[in-house]
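Participant: My structure is in model_26.cif, and what it holds is mmCIF, C-alpha atoms:
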```
data_model
loop_
_atom_site.label_atom_id
_atom_site.label_comp_id
_atom_site.auth_asym_id
_atom_site.auth_seq_id
_atom_site.Cartn_x
_atom_site.Cartn_y
_atom_site.Cartn_z
CA MET A 1 -56.38 -33.02 -59.62
CA PRO A 2 -54.15 -34.07 -62.53
CA ALA A 3 -51.84 -37.03 -61.81
CA THR A 4 -48.71 -35.00 -62.45
CA ARG A 5 -49.68 -32.34 -59.94
CA LEU A 6 -50.64 -34.94 -57.32
CA THR A 7 -47.30 -36.68 -57.73
CA THR A 8 -45.48 -33.39 -57.29
CA CYS A 9 -47.38 -32.65 -54.04
CA LEU A 10 -46.62 -36.12 -52.65
CA ILE A 11 -42.93 -35.74 -53.44
CA ALA A 12 -42.83 -32.32 -51.73
CA ALA A 13 -44.61 -33.70 -48.66
CA SER A 14 -42.19 -36.62 -48.50
CA CYS A 15 -39.24 -34.24 -48.66
CA LEU A 16 -40.61 -32.26 -45.76
CA VAL A 17 -41.03 -35.42 -43.68
CA PHE A 18 -37.52 -36.63 -44.47
CA ALA A 19 -36.09 -33.17 -43.72
CA SER A 20 -37.89 -33.13 -40.38
CA LEU A 21 -36.53 -36.58 -39.56
CA ALA A 22 -33.04 -35.54 -40.58
CA ASP A 23 -33.22 -32.52 -38.31
CA ALA A 24 -34.73 -34.45 -35.42
CA ARG A 25 -32.75 -33.87 -32.21
CA MET A 26 -32.37 -36.21 -29.28
CA TYR A 27 -30.85 -35.56 -25.90
CA ARG A 28 -28.56 -37.72 -23.80
CA TYR A 29 -28.32 -37.06 -20.07
CA LYS A 30 -27.96 -38.79 -16.74
CA ASP A 31 -30.98 -39.40 -14.59
CA ASP A 32 -31.13 -39.12 -10.80
CA SER A 33 -29.51 -42.55 -10.42
CA GLY A 34 -26.65 -41.69 -12.77
CA GLN A 35 -27.87 -43.82 -15.68
CA LEU A 36 -27.55 -42.49 -19.23
CA VAL A 37 -30.89 -41.70 -20.84
CA ILE A 38 -31.65 -40.75 -24.46
CA SER A 39 -34.88 -38.86 -25.00
CA ASN A 40 -36.44 -36.17 -27.15
CA THR A 41 -36.82 -33.96 -24.06
CA VAL A 42 -34.66 -33.09 -21.07
CA PRO A 43 -36.31 -32.88 -17.62
CA GLN A 44 -35.61 -29.68 -15.68
CA GLU A 45 -33.81 -31.52 -12.89
CA ALA A 46 -31.56 -33.31 -15.42
CA SER A 47 -30.76 -30.16 -17.43
CA THR A 48 -28.87 -28.69 -14.47
CA ARG A 49 -26.48 -31.66 -14.62
CA GLY A 50 -25.69 -30.96 -18.28
CA TYR A 51 -26.57 -32.96 -21.35
CA GLU A 52 -25.58 -33.76 -24.95
CA ILE A 53 -27.53 -33.01 -28.13
CA LEU A 54 -27.58 -35.81 -30.70
CA ASN A 55 -28.53 -35.68 -34.36
CA SER A 56 -30.69 -38.25 -36.08
CA GLN A 57 -27.63 -40.51 -36.57
CA GLY A 58 -26.90 -40.46 -32.84
CA ARG A 59 -23.82 -38.29 -33.16
CA VAL A 60 -23.11 -35.57 -30.57
CA VAL A 61 -23.56 -32.18 -32.19
CA ASP A 62 -23.44 -30.02 -29.07
CA ARG A 63 -22.94 -30.18 -25.33
CA VAL A 64 -24.60 -28.13 -22.60
CA ALA A 65 -22.41 -27.78 -19.52
CA PRO A 66 -23.80 -28.48 -16.05
CA ALA A 67 -25.08 -25.53 -14.03
CA PRO A 68 -22.32 -24.23 -11.72
CA THR A 69 -22.51 -25.17 -8.05
CA GLU A 70 -22.66 -22.58 -5.27
CA GLU A 71 -18.99 -23.22 -4.52
CA GLU A 72 -18.05 -22.71 -8.18
CA LEU A 73 -20.08 -19.49 -8.31
CA ARG A 74 -18.35 -18.28 -5.16
CA ARG A 75 -14.91 -19.05 -6.63
CA ARG A 76 -15.85 -17.24 -9.86
CA GLU A 77 -16.97 -14.18 -7.92
CA GLU A 78 -13.75 -14.22 -5.90
CA GLU A 79 -11.67 -14.53 -9.06
CA GLN A 80 -13.57 -11.66 -10.71
CA ARG A 81 -13.01 -9.57 -7.57
CA ARG A 82 -9.29 -10.37 -7.58
CA GLN A 83 -9.01 -9.48 -11.25
CA LYS A 84 -10.83 -6.20 -10.67
CA GLN A 85 -8.58 -5.35 -7.72
CA ALA A 86 -5.52 -6.23 -9.79
CA GLU A 87 -6.67 -3.95 -12.61
CA VAL A 88 -7.31 -1.12 -10.15
CA GLN A 89 -3.82 -1.65 -8.71
CA ARG A 90 -2.26 -1.61 -12.19
CA GLU A 91 -4.01 1.66 -13.00
CA GLN A 92 -2.86 3.17 -9.69
CA ASP A 93 0.68 2.01 -10.43
CA ARG A 94 0.60 3.60 -13.88
CA ALA A 95 -0.65 6.88 -12.38
CA LEU A 96 2.08 6.72 -9.72
CA LEU A 97 4.80 6.17 -12.31
CA ARG A 98 3.54 9.13 -14.30
CA ARG A 99 4.30 11.31 -11.25
CA TYR A 100 7.49 9.69 -9.97
CA SER A 101 10.16 7.59 -11.65
CA HIS A 102 12.02 6.79 -8.41
CA PRO A 103 11.01 6.56 -4.71
CA ASP A 104 13.32 9.51 -3.95
CA ASP A 105 11.16 11.69 -6.22
CA ALA A 106 8.18 11.01 -3.94
CA VAL A 107 10.31 11.66 -0.83
CA ARG A 108 11.30 15.08 -2.21
CA ALA A 109 7.65 15.85 -2.98
CA LEU A 110 6.76 14.86 0.59
CA HIS A 111 9.43 17.17 2.01
CA ARG A 112 8.21 20.00 -0.20
CA LYS A 113 4.56 19.57 0.79
CA ILE A 114 5.35 19.31 4.51
CA GLY A 115 7.50 22.44 4.25
CA GLU A 116 4.68 24.38 2.59
CA LEU A 117 2.03 23.37 5.11
CA GLU A 118 4.27 23.84 8.12
CA GLY A 119 5.25 27.25 6.76
CA LEU A 120 1.58 28.22 6.66
CA ASN A 121 1.15 27.00 10.22
CA GLN A 122 4.13 29.06 11.30
CA LEU A 123 2.53 32.18 9.82
CA LYS A 124 -0.69 31.39 11.64
CA ARG A 125 1.16 30.99 14.93
CA GLY A 126 2.72 34.40 14.27
CA ASN A 127 -0.79 35.83 13.79
CA ILE A 128 -1.83 34.31 17.10
CA SER A 129 1.10 36.03 18.83
CA VAL A 130 0.01 39.40 17.41
CA ILE A 131 -3.60 38.87 18.46
CA GLU A 132 -2.54 37.65 21.91
CA SER A 133 -0.56 40.87 22.36
CA GLN A 134 -3.66 42.91 21.47
CA LEU A 135 -5.75 40.76 23.80
CA ASP A 136 -3.31 41.25 26.69
CA SER A 137 -3.50 45.00 26.14
CA GLU A 138 -7.30 45.04 26.15
CA GLN A 139 -7.52 42.74 29.16
CA SER A 140 -5.02 44.93 31.10
CA ARG A 141 -7.04 48.02 30.27
CA ALA A 142 -10.23 46.31 31.42
CA ALA A 143 -8.56 45.12 34.62
CA ASN A 144 -7.30 48.65 35.42
CA LEU A 145 -10.77 50.06 34.91
CA GLU A 146 -12.25 47.38 37.13
CA ARG A 147 -9.69 48.05 39.92
CA SER A 148 -10.45 51.74 39.79
CA GLY A 149 -14.13 51.01 40.21
CA ARG A 150 -15.01 52.21 36.75
CA GLU A 151 -17.29 50.35 34.39
CA ILE A 152 -15.66 48.52 31.51
CA PRO A 153 -17.00 49.87 28.17
CA GLU A 154 -19.11 47.43 26.16
CA MET A 155 -16.88 48.07 23.15
CA THR A 156 -13.85 46.81 25.12
CA LEU A 157 -15.66 43.66 26.19
CA GLN A 158 -16.74 42.99 22.63
CA LYS A 159 -13.20 43.47 21.36
CA ILE A 160 -11.88 41.03 23.96
CA ASP A 161 -14.46 38.45 22.87
CA ARG A 162 -13.61 39.02 19.22
CA LEU A 163 -9.88 38.62 19.79
CA GLU A 164 -10.40 35.44 21.82
CA GLY A 165 -12.61 34.07 19.02
CA GLN A 166 -9.96 34.87 16.41
CA ILE A 167 -7.34 32.99 18.40
CA GLN A 168 -9.61 29.97 18.73
CA ASP A 169 -10.39 30.00 15.00
CA ILE A 170 -6.71 30.13 14.03
CA GLU A 171 -5.84 27.38 16.52
CA LYS A 172 -8.55 25.24 14.93
CA GLU A 173 -7.09 25.93 11.48
CA ILE A 174 -3.65 24.88 12.70
CA GLU A 175 -5.08 21.70 14.23
CA ASN A 176 -6.86 20.81 10.99
CA GLN A 177 -3.75 21.51 8.95
CA GLU A 178 -1.62 19.33 11.23
CA LYS A 179 -4.16 16.56 10.72
CA GLU A 180 -3.88 17.12 6.96
CA ILE A 181 -0.09 16.85 7.23
CA ARG A 182 -0.38 13.51 9.05
CA GLN A 183 -2.83 12.12 6.49
CA MET A 184 -0.73 13.38 3.59
CA ARG A 185 2.40 11.86 5.12
CA GLU A 186 0.68 8.47 5.50
CA GLN A 187 -0.38 8.54 1.84
CA TYR A 188 3.09 9.51 0.66
CA LEU A 189 4.61 6.69 2.72
CA LYS A 190 2.29 4.21 1.00
CA ASP A 191 3.25 5.65 -2.40
CA ILE A 192 6.96 5.45 -1.57
CA GLU A 193 6.65 1.82 -0.44
CA ARG A 194 4.74 0.95 -3.61
CA LEU A 195 7.32 2.72 -5.78
CA GLU A 196 10.06 0.67 -4.16
CA ILE A 197 8.18 -2.46 -5.28
CA ILE A 198 7.25 -1.49 -8.84
CA THR A 199 10.52 0.28 -9.69
CA GLU A 200 12.69 -2.22 -7.79
CA HIS A 201 14.65 0.70 -6.32
CA GLN A 202 14.98 1.62 -2.67
CA ARG A 203 14.74 5.21 -1.46
CA THR A 204 18.03 6.79 -0.42
CA LEU A 205 16.61 9.92 1.24
CA PRO A 206 15.31 10.15 4.82
CA LEU A 207 11.54 10.40 5.20
CA GLU A 208 11.80 13.39 7.57
CA PRO A 209 12.58 16.75 5.96
CA PRO A 210 16.15 17.89 6.71
CA LYS A 211 15.06 20.68 9.07
CA ALA A 212 12.65 18.44 10.96
CA ALA A 213 15.28 15.71 11.20
CA ASP A 214 17.84 18.20 12.61
CA GLU A 215 15.35 19.45 15.20
CA ALA A 216 14.50 15.88 16.21
CA SER A 217 18.18 15.00 16.71
CA ALA A 218 18.76 18.19 18.71
CA ARG A 219 15.97 17.21 21.09
#
```
Could you show the structure in this file as C-alpha cells?
Facilitator:
Amino acid sequence: MPATRLTTCLIAASCLVFASLADARMYRYKDDSGQLVISNTVPQEASTRGYEILNSQGRVVDRVAPAPTEEELRRREEEQRRQKQAEVQREQDRALLRRYSHPDDAVRALHRKIGELEGLNQLKRGNISVIESQLDSEQSRAANLERSGREIPEMTLQKIDRLEGQIQDIEKEIENQEKEIRQMREQYLKDIERLEIITEHQRTLPLEPPKAADEASAR
C-alpha cells in the first residue's frame, strides 16, 4: 500500500476513535446506599431512582426523572379525573346557557312542560271516565241477565274484559307519565340551581306552576 494512502487510513481511523471518545456517555446515579456512582451503565434498580447523563467532559447533558411512586400515580390519576369532570361540567354549563340565560327561563320551561304532561294525563283520565261508563253499562246488563236466570252472552263477557283491560292500560300510562313528570322536575331543579350559580342570578318565580300552587294553597 502506498505510504500516502496508509497515512490517510490511519488519520481516518484516529478521527473515528476520537469521535467515539468525544461522544462517550457516562451516567451518574445513586446506589442503594445513597452514594453517587458514575458508570457507563445504569443498573435497573438504580434507573427507577433517576439519573444524570454526562458527556466526556463530565458535564450533565440530560437528566432522567425518577419513576413515579404509587402515591404520585394515584394523585395524577385523581387530578386527571378532576380535570375531566371539570371539563364535562364546563360543557354542560355551556349547553345550559345556550338554552337559558336566566334561572327564571328554566322555571318557565318547567311550568310549560308540567302543564303539557298534566294536560295529557287529564285527557287520559277523561277517557277512563268514558270507558268506566261503558263498563258499568255492560256489567249492569250482565247482572240483569244473571238475576233473570239467563246466560250472559260470550260477547258481553269479552267486552267487559276488554274495557277493564283498557282502563288498566290507561292507568298504567298515567302512572308512567307521573313518574316522568317527577324525574323531569328533579332535572329542571338541578338545572335551575346550576343556573343560579353560573349566572349569579337567583330565580324570582315559584317552582310550582301557578295553577298547581293555587290548588295546593286551597287544600
Participant: So, with all atoms listed in the file as the atoms that count, which of A:Arg194, A:Arg90, A:Arg28, A:Arg125 lies closest to Val42 in chain A?
Facilitator: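 Answer, going by the shortest atom-to-atom distance: A:Arg28.
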Participant: So that I can check the surroundings of Gly115 in chain A, please list as an mmCIF file with C-alpha atoms, in the coordinates of the input every protein, DNA and RNA residue that reaches within 12 Å of it, counting only C-alpha atoms and ignoring chain neighbours fewer than 6 positions away.
Facilitator:
```
data_model
loop_
_atom_site.group_PDB
_atom_site.id
_atom_site.type_symbol
_atom_site.label_atom_id
_atom_site.label_comp_id
_atom_site.auth_asym_id
_atom_site.auth_seq_id
_atom_site.Cartn_x
_atom_site.Cartn_y
_atom_site.Cartn_z
ATOM 1 C CA ARG A 108 11.300 15.080 -2.210
ATOM 2 C CA ALA A 109 7.650 15.850 -2.980
ATOM 3 C CA ASN A 121 1.150 27.000 10.220
ATOM 4 C CA GLN A 122 4.130 29.060 11.300
ATOM 5 C CA GLU A 178 -1.620 19.330 11.230
ATOM 6 C CA ILE A 181 -0.090 16.850 7.230
ATOM 7 C CA ARG A 185 2.400 11.860 5.120
ATOM 8 C CA GLU A 208 11.800 13.390 7.570
ATOM 9 C CA PRO A 209 12.580 16.750 5.960
ATOM 10 C CA PRO A 210 16.150 17.890 6.710
ATOM 11 C CA LYS A 211 15.060 20.680 9.070
ATOM 12 C CA ALA A 212 12.650 18.440 10.960
#
```
Participant: For the structure provided, state which residues fall under the PyMOL selection byres ((chain A and resi 61) around 12), and present them as a VMD selection string.
Facilitator: chain A and resid 23 to 28 51 to 60 62 to 64
Participant: So, counting only C-alpha atoms, which residue among A:Glu70, A:Gln85, A:Pro103, A:Leu123 is closest to Ile174 in chain A?
Facilitator: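 Under the stated criterion, the closest residue is A:Leu123.
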Participant: Looking at A:Asp105, A:Glu118, A:Glu200, A:Asp136, which one is nearest to Glu180 in chain A, with distances taken over only C-alpha atoms?
Facilitator: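 Closest candidate: A:Glu118.
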Participant: Applied to this file, what does the PyMOL selection byres ((chain A and resi 169-172) around 12) return in terms of residues, put as a PyMOL selection string?
Facilitator: chain A and resi 120-132+162-168+173-179
Participant: Tell me which of A:Leu157, A:Gln83, A:Arg49, A:Gly34 sits closest to Thr69 in chain A, counting only C-alpha atoms.
Facilitator: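 For Thr69 in chain A, the nearest of the candidates is A:Arg49.
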Participant: To one decimal place in Å, what is the distance between CA of Glu116 in chain A and CA of Gln183 in chain A?
Facilitator: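 It comes out at 14.9 Å.
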Participant: So how far away is CA of Arg147 in chain A from CA of Ile160 in chain A, in Å?
Facilitator: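 Straight-line distance from CA of Ile160 in chain A to CA of Arg147 in chain A works out to 17.6 Å.
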Participant: Report, in Å to a single decimal, how far apart CA of Pro66 in chain A and CA of Ile38 in chain A are.
Facilitator: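 Going from CA of Ile38 in chain A over to CA of Pro66 in chain A covers 16.8 Å.
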Participant: Find the residues near Arg203 in chain A: any atom within 12 Å, counting all atoms listed in the file, skip ones fewer than 3 places away on the same chain, and give them as a PDB file with C-alpha atoms, keeping the file's coordinate frame.
Facilitator:
```pdb
ATOM      1  CA  SER A 101      10.160   7.590 -11.650  1.00  0.00           C
ATOM      2  CA  HIS A 102      12.020   6.790  -8.410  1.00  0.00           C
ATOM      3  CA  PRO A 103      11.010   6.560  -4.710  1.00  0.00           C
ATOM      4  CA  ASP A 104      13.320   9.510  -3.950  1.00  0.00           C
ATOM      5  CA  ASP A 105      11.160  11.690  -6.220  1.00  0.00           C
ATOM      6  CA  ALA A 106       8.180  11.010  -3.940  1.00  0.00           C
ATOM      7  CA  VAL A 107      10.310  11.660  -0.830  1.00  0.00           C
ATOM      8  CA  ARG A 108      11.300  15.080  -2.210  1.00  0.00           C
ATOM      9  CA  LEU A 189       4.610   6.690   2.720  1.00  0.00           C
ATOM     10  CA  ASP A 191       3.250   5.650  -2.400  1.00  0.00           C
ATOM     11  CA  ILE A 192       6.960   5.450  -1.570  1.00  0.00           C
ATOM     12  CA  GLU A 193       6.650   1.820  -0.440  1.00  0.00           C
ATOM     13  CA  ARG A 194       4.740   0.950  -3.610  1.00  0.00           C
ATOM     14  CA  LEU A 195       7.320   2.720  -5.780  1.00  0.00           C
ATOM     15  CA  GLU A 196      10.060   0.670  -4.160  1.00  0.00           C
ATOM     16  CA  ILE A 197       8.180  -2.460  -5.280  1.00  0.00           C
ATOM     17  CA  THR A 199      10.520   0.280  -9.690  1.00  0.00           C
ATOM     18  CA  GLU A 200      12.690  -2.220  -7.790  1.00  0.00           C
ATOM     19  CA  PRO A 206      15.310  10.150   4.820  1.00  0.00           C
ATOM     20  CA  LEU A 207      11.540  10.400   5.200  1.00  0.00           C
TER      21      LEU A 207
END
```
Participant: Under the rule that all atoms listed in the file are counted, which of A:Glu71, A:Ser47, A:Asp161, A:Arg76 is the nearest residue to Gln134 in chain A?
Facilitator: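 Closest candidate: A:Asp161.
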Participant: Write out as a list in words each polymer residue whose atoms come within 9 Å of Thr156 in chain A, counting all atoms listed in the file; drop sequence neighbours fewer than 4 positions from it.
Facilitator: Glu138, Gln139, Arg141, Ala142, Ile152, Ile160 and Asp161 of chain A
Participant: What are the centre and edge lengths in Å, to one decimal, of the axis-aligned box around all listed atoms of range 152-162 of chain A with 5 Å added on each side, as JSON?
Facilitator:
```
{"center_x": -15.5, "center_y": 44.2, "center_z": 25.4, "size_x": 17.2, "size_y": 21.4, "size_z": 22.3}
```
